[in-house]
Amino acid sequence: MADELRVRLAGYPSLVLGLPTGNTPVPFYQELIRLHRASLLSLAQATSFNLDEYLGLAPGDPRSFRAWMQAQLFSQVDLPANRTHLPDPVEPAAAAEESRRYELLIREAGGVDWMLLGIGRNGHIGFNEPGSPRTSRTRLVELEAKTIADAAKTFGGEQHVPRRAITMGIGTILEARAIRVMAFGSAKAEIVQRALTGEPTELVPASLLAGHADVRFLLDTESARLLSQ
Ligand code: GLP
């Protein structure tokens, strides 16, 4: 994946990226940093839009996705700070306005050229939980119990995990020109099987990616375990 991005950036330095958080993209970000340090990759003219952000955190909260991206990638590559975008962790009452602002920013940037995604154990992409409409746009969402449980470690207990977030919608994600999905480990095997072999359904948001003209999945042996059965 990192090498594909390196080649794309070499040909088109002002690429617009869609980026995820989570454990899954960590090796990818580390590889980008390595390539950057070796002067093989530059993000100096690129722009990034993250998929999502928790609501109800103070700006700069170390548990925010903004802080996570800063630590994992932004502080270690040459992507200009004013071209790294995440939804602001506003109060829920301001979420509709913030969502509109985010959609407009993406549009003004010319849309996302290359979108990287992870998959939640329940099939979510970004924070589009099961049942999210295929045509959904950036908006406030309520997180599912499974998603809250998966975030508990970061927040020091489930009771501290924000219940709401802003996420790019499935419609927003599907407008990206290229979509790359990564899923690693046996905990993702079941959802990878449902996403790739079942009928596309809003109950498994990742399955809706199948309708995209340029989507690729990068799996490891464990996450692909149930595909050959
Ligand atoms: C998070 C993010 C998703 C991510 C998913 C999987 O909640 N909002 O964008 O893909 O969970 O996380 P992980 O990669 O840690 O399994």
# chains A, B, ... in the order shown; residues from 1 in each chain; ligands from 1
call {"tool": "residues_near_ligand", "arguments": {"ligand": "ligand 1", "cutoff": "7 Å", "atoms": "only C-alpha atoms and all ligand atoms", "output": "list in words"}}
result
Pro20, Thr21, Gly22, Asn23, Thr24, Pro25, Leu51, Asp52, Leu117, Gly118, Ile119, Gly120, Ile125, Gly126, Phe127, Thr147 and Ala151 of chain A
call {"tool": "residues_around", "arguments": {"residues": "Val90 in chain A", "least_positions_apart": "3", "cutoff": "10 Å", "atoms": "only C-alpha atoms", "output": "PyMOL selection string"}}
result
chain A and resi 53-59+87+93-98+165-166
call {"tool": "write_last_selection", "arguments": {"atoms": "C-alpha atoms", "output": "compact mmCIF listing (two decimals), in the first residue's frame"}}
result
# COMPACT_ATOMS: atom_id res chain seq x y z
CA GLU A 53 -13.47 12.20 15.04
CA TYR A 54 -15.07 11.70 18.44
CA LEU A 55 -17.45 14.34 19.74
CA GLY A 56 -17.40 15.81 23.20
CA LEU A 57 -13.62 15.91 23.65
CA ALA A 58 -11.76 19.13 24.31
CA PRO A 59 -9.68 20.33 21.33
CA PRO A 87 -13.75 17.02 11.73
CA ALA A 93 -25.41 20.77 18.78
CA ALA A 94 -22.82 22.11 16.32
CA ALA A 95 -22.25 18.77 14.58
CA ALA A 96 -24.59 19.41 11.63
CA GLU A 97 -22.80 22.65 10.79
CA GLU A 98 -19.37 21.04 11.25
CA ALA A 165 -18.72 10.97 16.63
CA ILE A 166 -18.66 12.76 13.29
call {"tool": "select_by_dssp", "arguments": {"residues": "range 33-188 of chain A", "states": "helix (DSSP H, G or I)", "output": "JSON, numbers by chain"}}
result
{"A": [33, 34, 35, 36, 37, 65, 66, 67, 68, 69, 70, 71, 72, 74, 75, 76, 81, 82, 83, 92, 93, 94, 95, 96, 97, 98, 99, 100, 101, 102, 103, 104, 105, 106, 107, 108, 145, 146, 147, 148, 149, 150, 151, 152, 153, 154, 155, 158, 159, 160, 170, 171, 172, 173, 174, 186, 187, 188]}
call {"tool": "residues_around", "arguments": {"residues": "range 189-191 of chain A", "least_positions_apart": "2", "cutoff": "12 Å", "atoms": "only C-alpha atoms", "output": "PyMOL selection string"}}
result
chain A and resi 118-125+130+182-187+193-198+203-207+219-229
call {"tool": "write_last_selection", "arguments": {"atoms": "N, CA and C atoms", "output": "compact mmCIF listing (two decimals), in the first residue's frame"}}
result
# COMPACT_ATOMS: atom_id res chain seq x y z
N GLY A 118 -9.86 1.11 7.29
CA GLY A 118 -9.86 -0.12 8.06
C GLY A 118 -11.31 -0.58 8.16
N ILE A 119 -11.53 -1.71 8.80
CA ILE A 119 -12.90 -2.20 9.01
C ILE A 119 -13.10 -2.48 10.49
N GLY A 120 -14.19 -2.02 11.05
CA GLY A 120 -14.52 -2.37 12.43
C GLY A 120 -15.01 -3.81 12.50
N ARG A 121 -14.99 -4.40 13.69
CA ARG A 121 -15.43 -5.80 13.82
C ARG A 121 -16.88 -5.98 13.42
N ASN A 122 -17.66 -4.91 13.49
CA ASN A 122 -19.07 -5.00 13.09
C ASN A 122 -19.27 -4.58 11.63
N GLY A 123 -18.16 -4.38 10.92
CA GLY A 123 -18.26 -4.02 9.51
C GLY A 123 -18.28 -2.52 9.25
N HIS A 124 -18.08 -1.72 10.31
CA HIS A 124 -18.16 -0.29 10.07
C HIS A 124 -16.95 0.20 9.27
N ILE A 125 -17.19 1.25 8.49
CA ILE A 125 -16.10 1.95 7.81
C ILE A 125 -16.20 3.41 8.26
N PRO A 130 -23.41 -0.39 11.30
CA PRO A 130 -24.42 -1.13 10.54
C PRO A 130 -25.75 -0.38 10.49
N MET A 182 -7.71 -2.16 4.41
CA MET A 182 -6.80 -3.09 5.07
C MET A 182 -7.52 -3.75 6.24
N ALA A 183 -7.33 -5.06 6.40
CA ALA A 183 -7.86 -5.76 7.58
C ALA A 183 -6.87 -6.85 7.96
N PHE A 184 -6.44 -6.85 9.18
CA PHE A 184 -5.45 -7.81 9.64
C PHE A 184 -5.91 -8.52 10.91
N GLY A 185 -5.56 -9.79 11.03
CA GLY A 185 -5.79 -10.52 12.28
C GLY A 185 -7.08 -11.32 12.27
N SER A 186 -7.14 -12.34 13.12
CA SER A 186 -8.27 -13.27 13.11
C SER A 186 -9.56 -12.62 13.59
N ALA A 187 -9.47 -11.55 14.39
CA ALA A 187 -10.69 -10.87 14.86
C ALA A 187 -11.48 -10.26 13.71
N GLN A 193 -15.20 -11.93 5.69
CA GLN A 193 -15.99 -12.89 4.92
C GLN A 193 -17.36 -12.31 4.57
N ARG A 194 -18.00 -11.69 5.57
CA ARG A 194 -19.34 -11.12 5.31
C ARG A 194 -19.26 -9.98 4.30
N ALA A 195 -18.18 -9.18 4.42
CA ALA A 195 -18.06 -8.01 3.53
C ALA A 195 -17.75 -8.40 2.10
N LEU A 196 -16.99 -9.49 1.93
CA LEU A 196 -16.52 -9.82 0.58
C LEU A 196 -17.33 -10.91 -0.12
N THR A 197 -18.04 -11.72 0.64
CA THR A 197 -18.73 -12.82 -0.02
C THR A 197 -20.25 -12.72 0.05
N GLY A 198 -20.76 -11.84 0.91
CA GLY A 198 -22.22 -11.71 1.01
C GLY A 198 -22.74 -10.69 0.01
N LEU A 203 -26.40 -3.40 6.30
CA LEU A 203 -26.15 -4.00 7.61
C LEU A 203 -24.66 -4.33 7.79
N VAL A 204 -23.94 -4.40 6.69
CA VAL A 204 -22.48 -4.60 6.73
C VAL A 204 -21.87 -3.48 5.88
N PRO A 205 -21.64 -2.31 6.47
CA PRO A 205 -21.21 -1.16 5.66
C PRO A 205 -20.04 -1.47 4.73
N ALA A 206 -19.06 -2.26 5.17
CA ALA A 206 -17.91 -2.54 4.30
C ALA A 206 -18.31 -3.29 3.04
N SER A 207 -19.44 -4.03 3.07
CA SER A 207 -19.87 -4.77 1.88
C SER A 207 -20.29 -3.82 0.77
N LEU A 219 -5.32 -8.02 2.83
CA LEU A 219 -5.63 -8.88 3.97
C LEU A 219 -4.39 -9.66 4.36
N ASP A 220 -4.34 -10.13 5.59
CA ASP A 220 -3.29 -11.10 5.94
C ASP A 220 -3.94 -12.49 6.01
N THR A 221 -3.13 -13.50 6.29
CA THR A 221 -3.64 -14.87 6.27
C THR A 221 -4.78 -15.04 7.26
N GLU A 222 -4.64 -14.42 8.44
CA GLU A 222 -5.68 -14.62 9.48
C GLU A 222 -7.00 -13.96 9.09
N SER A 223 -6.95 -12.74 8.60
CA SER A 223 -8.22 -12.06 8.26
C SER A 223 -8.88 -12.69 7.04
N ALA A 224 -8.07 -13.36 6.20
CA ALA A 224 -8.61 -13.99 4.97
C ALA A 224 -8.98 -15.46 5.21
N ARG A 225 -8.82 -15.90 6.45
CA ARG A 225 -8.98 -17.31 6.80
C ARG A 225 -10.29 -17.95 6.33
N LEU A 226 -11.39 -17.23 6.40
CA LEU A 226 -12.69 -17.83 6.07
C LEU A 226 -13.08 -17.66 4.61
N LEU A 227 -12.22 -17.02 3.83
CA LEU A 227 -12.59 -16.75 2.44
C LEU A 227 -12.51 -17.98 1.55
N SER A 228 -11.65 -18.90 1.89
CA SER A 228 -11.44 -20.04 0.99
C SER A 228 -12.38 -21.20 1.31
N GLN A 229 -13.22 -21.05 2.35
CA GLN A 229 -14.07 -22.18 2.72
C GLN A 229 -15.27 -22.34 1.81
call {"tool": "residues_around", "arguments": {"residues": "Leu209 in chain A", "least_positions_apart": "4", "cutoff": "9 Å", "atoms": "only C-alpha atoms", "output": "number ranges by chain"}}
result
A: 170, 173-174, 179, 195, 200, 205, 215
call {"tool": "write_last_selection", "arguments": {"atoms": "N, CA, C and O atoms", "output": "tab-separated table (two decimals), in the first residue's frame"}}
result
chain	number	residue	atom	x	y	z
A	170	ILE	N	-21.06	7.05	4.05
A	170	ILE	CA	-20.71	6.02	3.07
A	170	ILE	C	-20.72	6.61	1.66
A	170	ILE	O	-19.84	6.33	0.84
A	173	ILE	N	-17.51	8.48	1.24
A	173	ILE	CA	-16.39	7.55	1.05
A	173	ILE	C	-16.40	6.99	-0.38
A	173	ILE	O	-15.36	6.93	-1.05
A	174	LEU	N	-17.58	6.61	-0.85
A	174	LEU	CA	-17.68	5.98	-2.18
A	174	LEU	C	-17.34	6.94	-3.32
A	174	LEU	O	-17.09	6.51	-4.45
A	179	ILE	N	-10.17	3.40	-3.59
A	179	ILE	CA	-10.37	3.00	-2.18
A	179	ILE	C	-9.51	1.78	-1.90
A	179	ILE	O	-9.54	0.80	-2.66
A	195	ALA	N	-18.18	-9.18	4.42
A	195	ALA	CA	-18.06	-8.01	3.53
A	195	ALA	C	-17.75	-8.40	2.10
A	195	ALA	O	-18.20	-7.75	1.16
A	200	PRO	N	-24.10	-7.18	-1.01
A	200	PRO	CA	-23.91	-5.85	-0.41
A	200	PRO	C	-25.15	-5.43	0.37
A	200	PRO	O	-26.27	-5.54	-0.14
A	205	PRO	N	-21.64	-2.31	6.47
A	205	PRO	CA	-21.21	-1.16	5.66
A	205	PRO	C	-20.04	-1.47	4.73
A	205	PRO	O	-20.04	-1.02	3.57
A	215	VAL	N	-11.62	-0.45	-6.05
A	215	VAL	CA	-11.43	-0.80	-4.64
A	215	VAL	C	-10.55	-2.04	-4.55
A	215	VAL	O	-10.68	-2.95	-5.37
call {"tool": "residues_around", "arguments": {"residues": "range 141-145 of chain A", "least_positions_apart": "3", "cutoff": "6 Å", "atoms": "only C-alpha atoms", "output": "short mmCIF file (atom, residue, chain, number, x, y, z; two decimals) with C-alpha atoms, in the first residue's frame"}}
result
data_model
loop_
_atom_site.label_atom_id
_atom_site.label_comp_id
_atom_site.auth_asym_id
_atom_site.auth_seq_id
_atom_site.Cartn_x
_atom_site.Cartn_y
_atom_site.Cartn_z
CA ILE A 148 -17.30 1.46 22.30
CA ARG A 163 -20.92 7.93 22.59
CA ARG A 164 -20.98 10.12 19.50
CA ALA A 165 -18.72 10.97 16.63
#
call {"tool": "residues_around", "arguments": {"residues": "Gln72 in chain A", "least_positions_apart": "4", "cutoff": "9 Å", "atoms": "only C-alpha atoms", "output": "list in words"}}
result
Val26, Tyr29, Gln30, Ala67, Trp68 and Gln76 of chain A
call {"tool": "write_last_selection", "arguments": {"atoms": "N, CA and C atoms", "output": "mmCIF file, in the first residue's frame"}}
result
data_model
loop_
_atom_site.group_PDB
_atom_site.id
_atom_site.type_symbol
_atom_site.label_atom_id
_atom_site.label_comp_id
_atom_site.auth_asym_id
_atom_site.auth_seq_id
_atom_site.Cartn_x
_atom_site.Cartn_y
_atom_site.Cartn_z
ATOM 1 N N VAL A 26 -1.321 1.423 11.337
ATOM 2 C CA VAL A 26 -0.053 1.815 11.983
ATOM 3 C C VAL A 26 1.180 1.372 11.168
ATOM 4 N N TYR A 29 1.531 3.671 8.195
ATOM 5 C CA TYR A 29 2.059 5.001 8.521
ATOM 6 C C TYR A 29 3.560 4.926 8.827
ATOM 7 N N GLN A 30 3.973 3.855 9.497
ATOM 8 C CA GLN A 30 5.407 3.705 9.797
ATOM 9 C C GLN A 30 6.220 3.572 8.511
ATOM 10 N N ALA A 67 -5.103 14.123 17.738
ATOM 11 C CA ALA A 67 -3.857 13.924 18.481
ATOM 12 C C ALA A 67 -3.164 12.630 18.041
ATOM 13 N N TRP A 68 -3.972 11.608 17.799
ATOM 14 C CA TRP A 68 -3.420 10.320 17.364
ATOM 15 C C TRP A 68 -2.717 10.463 16.017
ATOM 16 N N GLN A 76 5.678 13.507 11.730
ATOM 17 C CA GLN A 76 6.886 12.830 11.246
ATOM 18 C C GLN A 76 7.050 12.830 9.731
#
